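S.K.: Here you go, entry05.cif (mmCIF, C-alpha atoms):
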```cif
data_entry
loop_
_atom_site.label_atom_id
_atom_site.label_comp_id
_atom_site.auth_asym_id
_atom_site.auth_seq_id
_atom_site.Cartn_x
_atom_site.Cartn_y
_atom_site.Cartn_z
CA ILE A 1 14.51 -24.76 2.15
CA SER A 2 14.08 -28.05 4.00
CA SER A 3 15.81 -31.36 4.48
CA MET A 4 13.96 -32.58 1.39
CA GLN A 5 14.74 -29.61 -0.90
CA SER A 6 18.04 -27.78 -1.30
CA ARG A 7 18.57 -24.10 -2.03
CA LYS A 8 19.74 -25.07 -5.50
CA LYS A 9 16.52 -26.97 -6.26
CA TYR A 10 14.36 -24.07 -5.04
CA GLY A 11 16.47 -21.65 -7.03
CA GLN A 12 16.25 -23.63 -10.24
CA LYS A 13 12.47 -23.87 -9.88
CA ALA A 14 12.28 -20.10 -9.34
CA ILE A 15 14.33 -19.52 -12.48
CA GLU A 16 12.07 -21.86 -14.42
CA LEU A 17 8.98 -19.93 -13.28
CA ALA A 18 10.59 -16.57 -14.00
CA LEU A 19 11.48 -17.61 -17.53
CA TYR A 20 7.93 -18.84 -18.03
CA LEU A 21 6.63 -15.43 -16.93
CA ALA A 22 9.13 -13.62 -19.11
CA GLU A 23 8.11 -15.54 -22.20
CA ASN A 24 4.36 -15.85 -21.65
CA LEU A 25 3.14 -12.53 -20.33
CA PRO A 26 1.09 -10.79 -23.04
CA ALA A 27 3.07 -8.32 -25.14
CA ASP A 28 0.91 -5.43 -23.91
CA TRP A 29 1.02 -6.47 -20.25
CA LYS A 30 0.46 -3.73 -17.67
CA GLU A 31 0.44 -4.32 -13.93
CA THR A 32 -3.11 -4.20 -12.59
CA HIS A 33 -3.52 -1.57 -9.90
CA HIS A 34 -5.23 -4.13 -7.62
CA GLY A 35 -2.41 -6.64 -8.07
CA ALA A 36 -0.40 -5.81 -4.95
CA LYS A 37 -3.21 -6.15 -2.44
CA ASN A 38 -4.89 -9.13 -4.17
CA LEU A 39 -1.97 -11.54 -4.14
CA THR A 40 -4.15 -14.62 -4.56
CA THR A 41 -6.73 -13.56 -7.13
CA ASP A 42 -6.57 -14.18 -10.87
CA LYS A 43 -5.44 -10.55 -11.24
CA GLY A 44 -3.12 -10.65 -8.27
CA GLY A 45 0.59 -10.37 -7.82
CA ILE A 46 3.21 -8.14 -9.40
CA ALA A 47 4.98 -9.77 -12.33
CA SER A 48 7.77 -7.18 -12.50
CA LEU A 49 8.55 -7.64 -8.79
CA ALA A 50 8.57 -11.43 -9.17
CA LEU A 51 11.04 -11.22 -12.06
CA GLN A 52 13.32 -8.91 -10.12
CA VAL A 53 13.29 -11.08 -7.00
CA VAL A 54 14.22 -14.18 -8.98
CA TYR A 55 16.99 -12.35 -10.84
CA ASP A 56 18.44 -11.05 -7.58
CA TRP A 57 18.00 -14.06 -5.30
CA THR A 58 19.25 -16.64 -7.83
CA HIS A 59 22.07 -14.57 -9.28
CA ASP A 60 24.71 -17.19 -8.47
CA LEU A 61 22.51 -20.03 -9.76
CA SER A 62 21.50 -18.59 -13.14
CA ASP A 63 23.64 -18.34 -16.24
CA LEU A 64 24.17 -15.24 -18.37
CA GLU A 65 21.55 -16.20 -20.95
CA GLN A 66 18.88 -16.75 -18.30
CA ARG A 67 19.61 -13.41 -16.69
CA ARG A 68 19.44 -11.68 -20.07
CA ARG A 69 16.03 -13.21 -20.79
CA ILE A 70 14.67 -11.93 -17.48
CA ALA A 71 16.24 -8.50 -18.03
CA ASP A 72 14.79 -8.41 -21.55
CA ARG A 73 11.31 -8.83 -20.18
CA LEU A 74 11.83 -6.19 -17.49
CA MET A 75 12.98 -3.78 -20.19
CA SER A 76 9.96 -4.54 -22.38
CA LEU A 77 7.64 -4.00 -19.40
CA TRP A 78 9.29 -0.62 -18.87
CA ASN A 79 8.89 0.26 -22.55
CA ASN A 80 5.17 -0.53 -22.21
CA ARG A 81 4.76 1.28 -18.86
CA TYR A 82 2.03 3.72 -17.90
CA ASP A 83 3.57 7.00 -18.94
CA SER A 84 2.24 10.44 -18.16
CA ARG A 85 3.49 13.91 -17.33
CA LYS A 86 1.14 14.10 -14.35
CA VAL A 87 2.15 13.34 -10.79
CA LYS A 88 1.55 9.65 -10.11
CA LEU A 89 0.44 9.64 -6.46
CA GLU A 90 -2.69 7.64 -7.30
CA ASN A 91 -3.78 4.07 -6.79
CA HIS A 92 -3.48 3.32 -10.53
CA TYR A 93 0.27 3.85 -10.33
CA ALA A 94 0.97 2.21 -6.97
CA THR A 95 1.62 -1.16 -8.60
CA ASN A 96 2.69 0.07 -12.01
CA VAL A 97 5.53 1.99 -10.38
CA HIS A 98 7.23 -1.39 -9.89
CA VAL A 99 7.83 -1.40 -13.65
CA TYR A 100 9.83 1.82 -13.27
CA ALA A 101 12.03 0.01 -10.74
CA GLY A 102 12.73 -2.83 -13.17
CA ALA A 103 16.47 -2.15 -13.43
CA LEU A 104 17.20 -2.31 -9.71
CA CYS A 105 18.11 -5.98 -10.01
CA PHE A 106 20.43 -5.77 -13.04
CA TYR A 107 21.87 -2.25 -12.72
CA GLY A 108 25.64 -2.58 -12.61
CA ASP A 109 25.75 -6.05 -14.19
CA THR A 110 28.16 -5.10 -16.96
CA ASP A 111 28.48 -8.70 -18.16
CA LEU A 112 25.00 -8.37 -19.69
CA GLY A 113 26.40 -6.01 -22.31
CA SER A 114 26.42 -2.32 -23.19
CA ILE A 115 22.81 -2.29 -24.40
CA TYR A 116 21.62 -3.46 -20.98
CA THR A 117 23.88 -0.97 -19.19
CA ALA A 118 22.46 1.97 -21.15
CA LYS A 119 18.88 0.81 -20.64
CA ALA A 120 19.44 0.26 -16.93
CA ASN A 121 20.65 3.85 -16.58
CA GLU A 122 17.57 5.16 -18.39
CA MET A 123 15.23 3.04 -16.25
CA MET A 124 16.91 4.11 -13.00
CA LEU A 125 16.41 7.77 -13.92
CA SER A 126 12.69 7.09 -14.37
CA PHE A 127 12.59 5.27 -11.01
CA ASP A 128 14.13 8.32 -9.35
CA ASP A 129 11.66 10.63 -11.08
CA ILE A 130 8.46 8.64 -10.49
CA PHE A 131 8.95 6.78 -7.23
CA LEU A 132 11.38 8.88 -5.22
CA LYS A 133 10.23 12.32 -6.36
CA ARG A 134 6.64 12.13 -7.62
CA GLN A 135 5.37 9.56 -5.14
CA LEU A 136 7.40 9.58 -1.92
CA GLY A 137 8.55 13.18 -2.31
CA VAL A 138 5.13 14.56 -3.20
CA ALA A 139 3.43 12.58 -0.41
CA GLU A 140 5.92 14.00 2.09
CA LYS A 141 5.07 17.51 0.91
CA ILE A 142 1.30 17.56 0.44
CA PHE A 143 0.56 15.56 3.60
CA ASN A 144 2.65 17.91 5.76
CA GLY A 145 5.10 15.34 7.12
CA SER A 146 2.37 12.89 8.06
CA SER A 147 0.35 10.15 6.34
CA ASP A 148 -2.93 10.42 4.45
CA TRP A 149 -4.53 9.56 1.13
CA ILE A 150 -6.58 11.52 -1.37
CA GLU A 151 -9.10 8.79 -2.25
CA GLY A 152 -11.43 6.54 -0.29
CA ASP A 153 -10.50 3.46 1.74
CA SER A 154 -10.35 0.82 -1.01
CA TYR A 155 -8.12 3.06 -3.13
CA SER A 156 -5.80 3.66 -0.18
CA PHE A 157 -5.31 -0.11 0.17
CA ASP A 158 -3.99 -0.24 -3.41
CA ALA A 159 -1.75 2.74 -2.81
CA PHE A 160 -0.16 1.78 0.49
CA THR A 161 0.29 -1.91 -0.38
CA GLY A 162 1.90 -1.33 -3.79
CA ILE A 163 4.16 1.51 -2.71
CA MET A 164 5.11 -0.15 0.59
CA LEU A 165 6.18 -3.33 -1.20
CA LEU A 166 8.39 -1.30 -3.53
CA ALA A 167 9.76 0.82 -0.68
CA ALA A 168 10.82 -2.31 1.19
CA ALA A 169 12.30 -4.01 -1.88
CA SER A 170 14.11 -0.96 -3.25
CA GLY A 171 15.24 0.11 0.20
CA SER A 172 17.16 -3.13 0.64
CA ALA A 173 18.82 -2.57 -2.74
CA LEU A 174 19.67 1.08 -2.08
CA GLY A 175 20.62 0.73 1.57
CA GLU A 176 17.87 3.03 2.88
CA ASN A 177 14.88 2.32 5.10
CA PHE A 178 12.23 4.46 3.43
CA PHE A 179 9.82 3.69 6.27
CA ALA A 180 12.19 5.59 8.55
CA SER A 181 13.05 8.47 6.22
CA ASN A 182 9.65 9.10 4.63
CA SER A 183 6.84 10.36 6.88
CA TRP A 184 4.05 9.14 4.59
CA LEU A 185 5.24 5.56 5.06
CA ARG A 186 6.25 5.96 8.69
CA TYR A 187 2.93 7.26 10.00
CA ALA A 188 0.67 5.01 7.93
CA PRO A 189 -0.51 3.09 11.06
CA LEU A 190 -1.95 6.34 12.44
CA PHE A 191 -3.73 7.12 9.18
CA PHE A 192 -5.62 3.82 9.24
CA TYR A 193 -6.30 3.90 12.98
CA TYR A 194 -7.83 7.38 12.83
CA ASN A 195 -10.02 6.47 9.86
CA ILE A 196 -11.93 3.69 11.63
CA MET A 197 -15.29 4.31 13.26
CA PRO A 198 -14.88 3.65 17.00
CA MET A 199 -18.33 2.05 17.33
CA PRO A 200 -19.00 -1.29 15.59
CA PHE A 201 -22.07 -1.91 13.47
CA GLU A 202 -23.44 -5.43 13.92
CA ASN A 203 -20.14 -6.48 15.57
CA GLU A 204 -17.95 -5.16 12.75
CA TYR A 205 -15.82 -2.02 12.62
CA TYR A 206 -15.82 0.04 9.42
CA PHE A 207 -13.79 2.79 7.85
CA SER A 208 -15.20 6.23 8.37
CA GLN A 209 -14.77 7.99 5.04
CA GLN A 210 -17.60 8.25 2.55
CA ASN A 211 -15.17 9.85 0.09
CA THR A 212 -15.37 7.81 -3.14
CA SER A 213 -15.34 4.92 -0.72
CA SER A 214 -16.85 1.51 -0.20
CA VAL A 215 -16.88 1.99 3.60
CA VAL A 216 -15.24 -1.42 3.96
CA GLU A 217 -14.70 -3.31 7.18
CA ALA A 218 -11.53 -2.54 9.14
CA ARG A 219 -10.91 -6.19 10.05
CA HIS A 220 -9.63 -7.02 6.61
CA ARG A 221 -6.54 -8.64 5.15
CA TYR A 222 -5.68 -5.41 3.33
CA THR A 223 -5.45 -3.38 6.55
CA SER A 224 -3.54 -6.05 8.44
CA ALA A 225 -1.10 -6.60 5.58
CA ILE A 226 -0.25 -2.89 5.62
CA MET A 227 0.13 -2.96 9.40
CA SER A 228 2.38 -6.02 9.11
CA MET A 229 4.72 -4.20 6.73
CA SER A 230 4.79 -1.21 9.06
CA ALA A 231 5.51 -3.35 12.14
CA SER A 232 8.40 -5.08 10.40
CA GLN A 233 10.00 -2.08 8.73
CA LEU A 234 9.72 0.20 11.80
CA ALA A 235 10.91 -2.35 14.37
CA THR A 236 14.35 -0.84 14.90
CA VAL A 237 13.71 2.80 13.95
CA ASP A 238 10.38 3.45 15.72
CA PRO A 239 9.65 0.67 18.25
CA GLN A 240 6.52 2.41 19.54
CA LEU A 241 4.77 2.70 16.17
CA SER A 242 6.03 -0.77 15.26
CA GLY A 243 4.58 -2.22 18.45
CA PHE A 244 1.33 -0.34 17.88
CA ALA A 245 1.01 -1.84 14.37
CA SER A 246 1.64 -5.29 15.83
CA TRP A 247 -1.03 -4.67 18.51
CA PHE A 248 -3.47 -3.59 15.81
CA ILE A 249 -3.16 -7.02 14.16
CA GLN A 250 -2.84 -9.28 17.17
CA GLN A 251 -4.84 -7.73 20.00
CA SER A 252 -7.10 -4.94 18.78
CA PRO A 253 -10.70 -5.49 17.62
CA TYR A 254 -9.74 -4.01 14.23
CA GLY A 255 -7.02 -6.46 13.15
CA LEU A 256 -6.90 -9.82 11.46
CA LYS A 257 -4.14 -12.40 11.92
CA ILE A 258 -2.64 -13.79 8.76
CA GLU A 259 -4.16 -17.25 9.31
CA ASP A 260 -7.60 -15.62 9.25
CA PHE A 261 -7.12 -13.72 5.98
CA LYS A 262 -9.90 -14.36 3.52
CA TYR A 263 -8.57 -16.42 0.60
CA ASN A 264 -5.39 -17.00 2.59
CA ASP A 265 -2.82 -18.93 0.59
CA PRO A 266 0.08 -19.71 2.96
CA HIS A 267 2.77 -20.08 0.30
CA LEU A 268 2.06 -16.50 -0.81
CA TYR A 269 0.95 -14.58 2.27
CA ASP A 270 3.35 -16.34 4.61
CA LEU A 271 6.26 -15.29 2.39
CA PHE A 272 5.33 -11.61 2.62
CA TYR A 273 3.74 -11.29 6.06
CA LYS A 274 5.61 -13.88 8.10
CA PHE A 275 9.01 -14.31 6.47
CA LEU A 276 9.86 -11.01 4.73
CA MET A 277 7.71 -8.46 6.56
CA GLY A 278 6.14 -10.25 9.49
CA TYR A 279 4.65 -8.79 12.66
CA ARG A 280 4.94 -11.68 15.10
CA GLN A 281 8.50 -10.88 16.12
CA VAL A 282 7.35 -7.41 17.24
CA ALA A 283 5.97 -7.15 20.79
CA PRO A 284 2.47 -5.60 20.69
CA LEU A 285 2.02 -2.19 22.32
CA SER A 286 -1.44 -0.84 23.07
CA PRO A 287 -2.16 2.76 22.04
CA ASP A 288 -1.53 3.93 25.62
CA ALA A 289 1.68 1.91 25.94
CA ALA A 290 2.88 3.22 22.56
CA ALA A 291 1.98 6.80 23.56
CA ILE A 292 -0.33 7.23 20.58
CA PRO A 293 -1.76 10.77 20.84
CA LEU A 294 -5.49 11.36 21.10
CA SER A 295 -5.30 14.08 18.44
CA VAL A 296 -3.13 14.17 15.36
CA ARG A 297 -2.68 16.07 12.10
CA LEU A 298 -2.87 13.64 9.19
CA GLY A 299 -2.27 15.46 5.94
CA GLN A 300 -5.66 16.70 4.81
CA MET A 301 -7.33 16.43 8.21
CA VAL A 302 -7.04 16.83 11.95
CA ALA A 303 -8.43 13.82 13.85
CA ALA A 304 -9.20 13.52 17.56
CA ARG A 305 -10.52 10.70 19.74
CA SER A 306 -11.92 11.12 23.24
CA SER A 307 -10.11 7.92 24.27
CA HIS A 308 -8.45 4.84 22.82
CA LYS A 309 -11.18 2.58 24.18
CA PRO A 310 -13.25 1.00 21.42
CA ASP A 311 -17.04 1.34 21.39
CA ILE A 312 -17.30 4.36 23.67
CA ALA A 313 -14.88 6.81 22.05
CA THR A 314 -15.92 9.88 20.09
CA LEU A 315 -14.01 10.48 16.85
CA VAL A 316 -13.95 13.90 15.16
CA GLN A 317 -12.27 14.45 11.79
CA PHE A 318 -11.91 17.97 10.38
CA PHE A 319 -10.64 18.39 6.81
CA CYS A 320 -8.29 21.33 6.37
CA PRO A 321 -5.74 20.52 3.63
CA THR A 322 -2.79 22.80 3.07
CA TYR A 323 -2.41 21.54 -0.50
CA TRP A 324 -5.03 20.39 -2.98
CA TYR A 325 -4.16 17.31 -5.01
CA ASP A 326 -6.48 17.36 -7.99
CA ASN A 327 -7.51 13.97 -9.30
CA GLY A 328 -10.72 12.22 -10.26
CA HIS A 329 -11.46 10.83 -6.80
CA ASN A 330 -10.56 13.60 -4.40
CA GLU A 331 -13.48 15.30 -2.67
CA HIS A 332 -13.90 19.04 -2.16
CA GLU A 333 -13.72 18.63 1.61
CA GLN A 334 -12.01 21.82 2.77
CA GLY A 335 -13.73 22.74 6.01
CA ALA A 336 -15.86 19.58 6.11
CA PHE A 337 -16.02 17.27 9.13
CA ASN A 338 -17.04 13.84 10.42
CA ILE A 339 -18.37 13.14 13.89
CA HIS A 340 -18.69 9.56 15.16
CA ARG A 341 -20.25 8.84 18.53
CA PHE A 342 -22.08 5.51 18.87
CA GLY A 343 -22.23 5.62 15.07
CA PRO A 344 -21.95 8.35 12.43
CA LEU A 345 -23.48 11.65 13.56
CA ALA A 346 -22.14 13.76 10.68
CA ILE A 347 -20.41 12.75 7.47
CA SER A 348 -18.26 15.02 5.34
CA ALA A 349 -18.90 13.74 1.83
CA ALA A 350 -21.95 12.37 0.06
CA ASN A 351 -20.21 10.18 -2.47
CA SER A 352 -19.81 6.51 -1.65
CA LYS A 353 -18.88 3.90 -4.22
CA ASN A 354 -19.73 0.22 -4.71
CA ALA A 355 -22.38 0.70 -2.03
CA GLY A 356 -23.21 -2.57 -0.35
CA LYS A 357 -25.55 -3.77 2.37
CA GLU A 358 -23.07 -4.08 5.23
CA ILE A 359 -23.60 -0.66 6.78
CA PRO A 360 -25.96 2.32 6.33
CA ARG A 361 -24.36 4.94 4.10
CA VAL A 362 -25.12 7.77 1.75
CA ASP A 363 -26.10 6.94 -1.80
CA LYS A 364 -24.02 7.31 -4.94
CA ASN A 365 -23.89 10.34 -7.23
CA GLY A 366 -23.49 12.89 -4.48
CA LYS A 367 -20.11 14.23 -5.50
CA GLY A 368 -19.45 17.92 -5.50
CA PHE A 369 -18.61 20.82 -3.23
CA VAL A 370 -22.25 21.66 -2.56
CA LEU A 371 -22.92 18.17 -1.15
CA ASN A 372 -20.17 18.37 1.45
CA ASN A 373 -21.02 19.64 4.93
CA ILE A 374 -18.66 22.60 4.73
CA LEU A 375 -18.21 24.57 7.93
CA GLY A 376 -18.00 28.30 7.28
CA LEU A 377 -16.65 30.84 9.75
CA GLY A 378 -17.83 34.43 9.29
CA GLY A 379 -16.46 37.58 10.80
#
```
Just give me the structure as structure tokens.

M.R.:
Amino acid sequence: ISSMQSRKKYGQKAIELALYLAENLPADWKETHHGAKNLTTDKGGIASLALQVVYDWTHDLSDLEQRRRIADRLMSLWNNRYDSRKVKLENHYATNVHVYAGALCFYGDTDLGSIYTAKANEMMLSFDDIFLKRQLGVAEKIFNGSSDWIEGDSYSFDAFTGIMLLAAASGSALGENFFASNSWLRYAPLFFYYNIMPMPFENEYYFSQQNTSSVVEARHRYTSAIMSMSASQLATVDPQLSGFASWFIQQSPYGLKIEDFKYNDPHLYDLFYKFLMGYRQVAPLSPDAAAIPLSVRLGQMVAARSSHKPDIATLVQFFCPTYWYDNGHNEHEQGAFNIHRFGPLAISAANSKNAGKEIPRVDKNGKGFVLNNILGLGG
């Protein structure tokens, strides 16, 4: 909103765009599981979230017919949702879960009519089942009150970005800060910090896992976007972790400021990572100032650093999961370990994916228990 454009003009334009989406999305549309993290690509964005935001934010500017047309499309997206009896704590469902939340914006709007009221109730039950129980609830359980992921780095970007966006949006609707109440969300900054190799390779830091992983660079818009959401959502409930997430972006060698995002499109990224969930209002705290421990249990693994200083630290990761989450990407890493000291000295899994030329790594097609460096203790 500026001196040249009023709230009403912005609102009417948003309604126009929402109605265009509602009428022109393909009938069999499903949210792409890379949509949340790739906001500016041709497969980016989350249509169901966009429709909900417009419905909610322009409620007093739209008429009944316009709201019904948006609700109609949200209901049809839900009818066409990914549906499975399996637990949905996987990257494929991190964006598609937004479809399950489609009634958050029109639940309780009785003026829409009885058909909408009944459908909203049905959709909210599915939201409770999938998002609150099968995603946040299961993550809380299997990761032992901490934060972790069961697939490699690129998959974790999908998961954390999609679910974090929904946690922030639904939390404002439900009056709950899920980043405060759910440990998987709360301790996400530690998960990413303890999965970065402490020694750079050709001036770039990389993620440490070779677990169905691309071993991507840490200084990436995906990582910093996740840290920005954490900094914003934890600002009042956990100032230390919030400040640490802000430090990661602004002062650490691993972060990337929003202006430096690759493919940065200010009208999209600024909305999410400056206006709605920005980090700049949070004072940075170094790991020592934020009292970040040198060793931590993170779900499937215990990680320890010799210091928080980059370049010279030793990082040891030992995989000892309490629970096994069986899916197509999880590695058989019980008892395996990584050691990083001036580069990788030992790697736990021999299954990288989308192998590139940026950093030396193991080859593809090494998946399986026998190809993990399992540590056995005999009596």

S.K.: Could you name the residues that touch Ser62 of chain A at 12 Å or less, counting only C-alpha atoms, but leaving out those on the same chain fewer than 3 positions away, as a list in words?

M.R.: Lys8, Lys9, Gly11, Gln12, Lys13, Ala14, Ile15, Glu16, Ala18, Leu19, Val54, Tyr55, Asp56, Trp57, Thr58, His59, Glu65, Gln66, Arg67, Arg68, Arg69 and Ile70 of chain A

S.K.: Residues around (14.6, 1.9, 1.4), cut-off 12 Å, counting all atoms listed in the file - what are they as a PDB file with C-alpha atoms, in the frame of the given file?

M.R.:
```pdb
ATOM      1  CA  PHE A 131       8.950   6.780  -7.230  1.00  0.00           C
ATOM      2  CA  LEU A 132      11.380   8.880  -5.220  1.00  0.00           C
ATOM      3  CA  LEU A 136       7.400   9.580  -1.920  1.00  0.00           C
ATOM      4  CA  ILE A 163       4.160   1.510  -2.710  1.00  0.00           C
ATOM      5  CA  MET A 164       5.110  -0.150   0.590  1.00  0.00           C
ATOM      6  CA  LEU A 165       6.180  -3.330  -1.200  1.00  0.00           C
ATOM      7  CA  LEU A 166       8.390  -1.300  -3.530  1.00  0.00           C
ATOM      8  CA  ALA A 167       9.760   0.820  -0.680  1.00  0.00           C
ATOM      9  CA  ALA A 168      10.820  -2.310   1.190  1.00  0.00           C
ATOM     10  CA  ALA A 169      12.300  -4.010  -1.880  1.00  0.00           C
ATOM     11  CA  SER A 170      14.110  -0.960  -3.250  1.00  0.00           C
ATOM     12  CA  GLY A 171      15.240   0.110   0.200  1.00  0.00           C
ATOM     13  CA  SER A 172      17.160  -3.130   0.640  1.00  0.00           C
ATOM     14  CA  ALA A 173      18.820  -2.570  -2.740  1.00  0.00           C
ATOM     15  CA  LEU A 174      19.670   1.080  -2.080  1.00  0.00           C
ATOM     16  CA  GLY A 175      20.620   0.730   1.570  1.00  0.00           C
ATOM     17  CA  GLU A 176      17.870   3.030   2.880  1.00  0.00           C
ATOM     18  CA  ASN A 177      14.880   2.320   5.100  1.00  0.00           C
ATOM     19  CA  PHE A 178      12.230   4.460   3.430  1.00  0.00           C
ATOM     20  CA  PHE A 179       9.820   3.690   6.270  1.00  0.00           C
ATOM     21  CA  ALA A 180      12.190   5.590   8.550  1.00  0.00           C
ATOM     22  CA  SER A 181      13.050   8.470   6.220  1.00  0.00           C
ATOM     23  CA  ASN A 182       9.650   9.100   4.630  1.00  0.00           C
ATOM     24  CA  LEU A 185       5.240   5.560   5.060  1.00  0.00           C
ATOM     25  CA  ARG A 186       6.250   5.960   8.690  1.00  0.00           C
ATOM     26  CA  GLN A 233      10.000  -2.080   8.730  1.00  0.00           C
ATOM     27  CA  LEU A 234       9.720   0.200  11.800  1.00  0.00           C
TER      28      LEU A 234
END
```

S.K.: So how many Å separate atom CA of Ser230 of chain A and atom CA of Ser242 of chain A, to one decimal?

M.R.: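 That distance, rounded to one decimal, is 6.3 Å.
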
S.K.: Env of His220 of chain A: 9 Å cut, atoms = all atoms listed in the file, seq-sep filter 6 positions within chain, self excluded. Answer as a compact mmCIF listing (two decimals) with C-alpha atoms, keeping the file's coordinate frame.

M.R.:
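What follows is the written file selection.txt:
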```
# COMPACT_ATOMS: atom_id res chain seq x y z
CA TYR A 254 -9.74 -4.01 14.23
CA GLY A 255 -7.02 -6.46 13.15
CA LEU A 256 -6.90 -9.82 11.46
CA PHE A 261 -7.12 -13.72 5.98
CA LYS A 262 -9.90 -14.36 3.52
```

S.K.: Excluding segment 78-88 of chain A and any residue of its chain fewer than 3 positions from it, enumerate the residues within 9 Å of it, using only C-alpha atoms, and give them as a VMD selection string.

M.R.: chain A and resid 27 to 31 73 to 75 91 to 94 96 to 97 99 to 102 123 130 to 131 134 to 135 138

S.K.: Atom CA of Trp149 of chain A and atom CA of Gly299 of chain A are how many Å apart?

M.R.: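 Pair atom CA of Trp149 of chain A / atom CA of Gly299 of chain A returns 7.9 Å.
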
S.K.: Could you expand the PyMOL selection byres ((chain A and resi 110) around 12) into the explicit residues it covers here, written as number ranges by chain?

M.R.: A: 64, 67-68, 106-109, 111-121

S.K.: Closest to Pro344 of chain A among A:Leu125, A:Ile46, A:Ala22, A:Ile196, using only C-alpha atoms?

M.R.: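 That would be A:Ile196, the residue with the smallest distance to Pro344 of chain A.
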
S.K.: Nearest residue to Pro239 of chain A out of A:Asp270, A:Met199, A:Val282, A:Asp60, using only C-alpha atoms?

M.R.: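 So, comparing all the options, the nearest one is A:Val282.
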
S.K.: Please evaluate the PyMOL selection byres ((chain A and resi 156) around 10) against the structure above and give the resulting residues as a PDB file with C-alpha atoms, in the frame of the given file.

M.R.:
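Everything below was put into out.pdb:
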```
ATOM      1  CA  GLU A  90      -2.690   7.640  -7.300  1.00  0.00           C
ATOM      2  CA  ASN A  91      -3.780   4.070  -6.790  1.00  0.00           C
ATOM      3  CA  ALA A  94       0.970   2.210  -6.970  1.00  0.00           C
ATOM      4  CA  ASP A 148      -2.930  10.420   4.450  1.00  0.00           C
ATOM      5  CA  TRP A 149      -4.530   9.560   1.130  1.00  0.00           C
ATOM      6  CA  ILE A 150      -6.580  11.520  -1.370  1.00  0.00           C
ATOM      7  CA  GLU A 151      -9.100   8.790  -2.250  1.00  0.00           C
ATOM      8  CA  GLY A 152     -11.430   6.540  -0.290  1.00  0.00           C
ATOM      9  CA  ASP A 153     -10.500   3.460   1.740  1.00  0.00           C
ATOM     10  CA  SER A 154     -10.350   0.820  -1.010  1.00  0.00           C
ATOM     11  CA  TYR A 155      -8.120   3.060  -3.130  1.00  0.00           C
ATOM     12  CA  PHE A 157      -5.310  -0.110   0.170  1.00  0.00           C
ATOM     13  CA  ASP A 158      -3.990  -0.240  -3.410  1.00  0.00           C
ATOM     14  CA  ALA A 159      -1.750   2.740  -2.810  1.00  0.00           C
ATOM     15  CA  PHE A 160      -0.160   1.780   0.490  1.00  0.00           C
ATOM     16  CA  THR A 161       0.290  -1.910  -0.380  1.00  0.00           C
ATOM     17  CA  GLY A 162       1.900  -1.330  -3.790  1.00  0.00           C
ATOM     18  CA  PHE A 192      -5.620   3.820   9.240  1.00  0.00           C
ATOM     19  CA  SER A 213     -15.340   4.920  -0.720  1.00  0.00           C
ATOM     20  CA  TYR A 222      -5.680  -5.410   3.330  1.00  0.00           C
ATOM     21  CA  THR A 223      -5.450  -3.380   6.550  1.00  0.00           C
TER      22      THR A 223
END
```

S.K.: For the provided coordinates, the residues matched by the PyMOL selection byres ((chain A and resi 312) around 8) should be stated as number ranges by chain.

M.R.: A: 198-199, 309-311, 313-314, 341-342

S.K.: To one decimal place, how far is atom CA of Ala291 of chain A from atom CA of Pro189 of chain A in Å?

M.R.: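 Spanning atom CA of Ala291 of chain A to atom CA of Pro189 of chain A is a straight-line distance of 13.3 Å.
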
S.K.: Name the closest residue to Ser295 of chain A among the candidates A:Cys320, A:Ile347, A:Val215, A:Leu315; distances are taken between atoms, counting only C-alpha atoms.

M.R.: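 Among A:Cys320, A:Ile347, A:Val215, A:Leu315, it is A:Leu315 that comes nearest to Ser295 of chain A.
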
S.K.: Any idea what's packed within 10 Å of Met301 of chain A, counting only C-alpha atoms, ignoring anything in its chain fewer than 3 positions away? Could you give it as a PyMOL selection string?

M.R.: chain A and resi 143+148+296-298+304+316-322+333-337

S.K.: Calculated over all atoms listed in the file, which of the candidates A:Ser183, A:Glu122, A:Lys133, A:Asn338 has the smallest distance to Ser147 of chain A?

M.R.: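 When distances to Ser147 of chain A are compared using all atoms listed in the file, the smallest one comes from A:Ser183.
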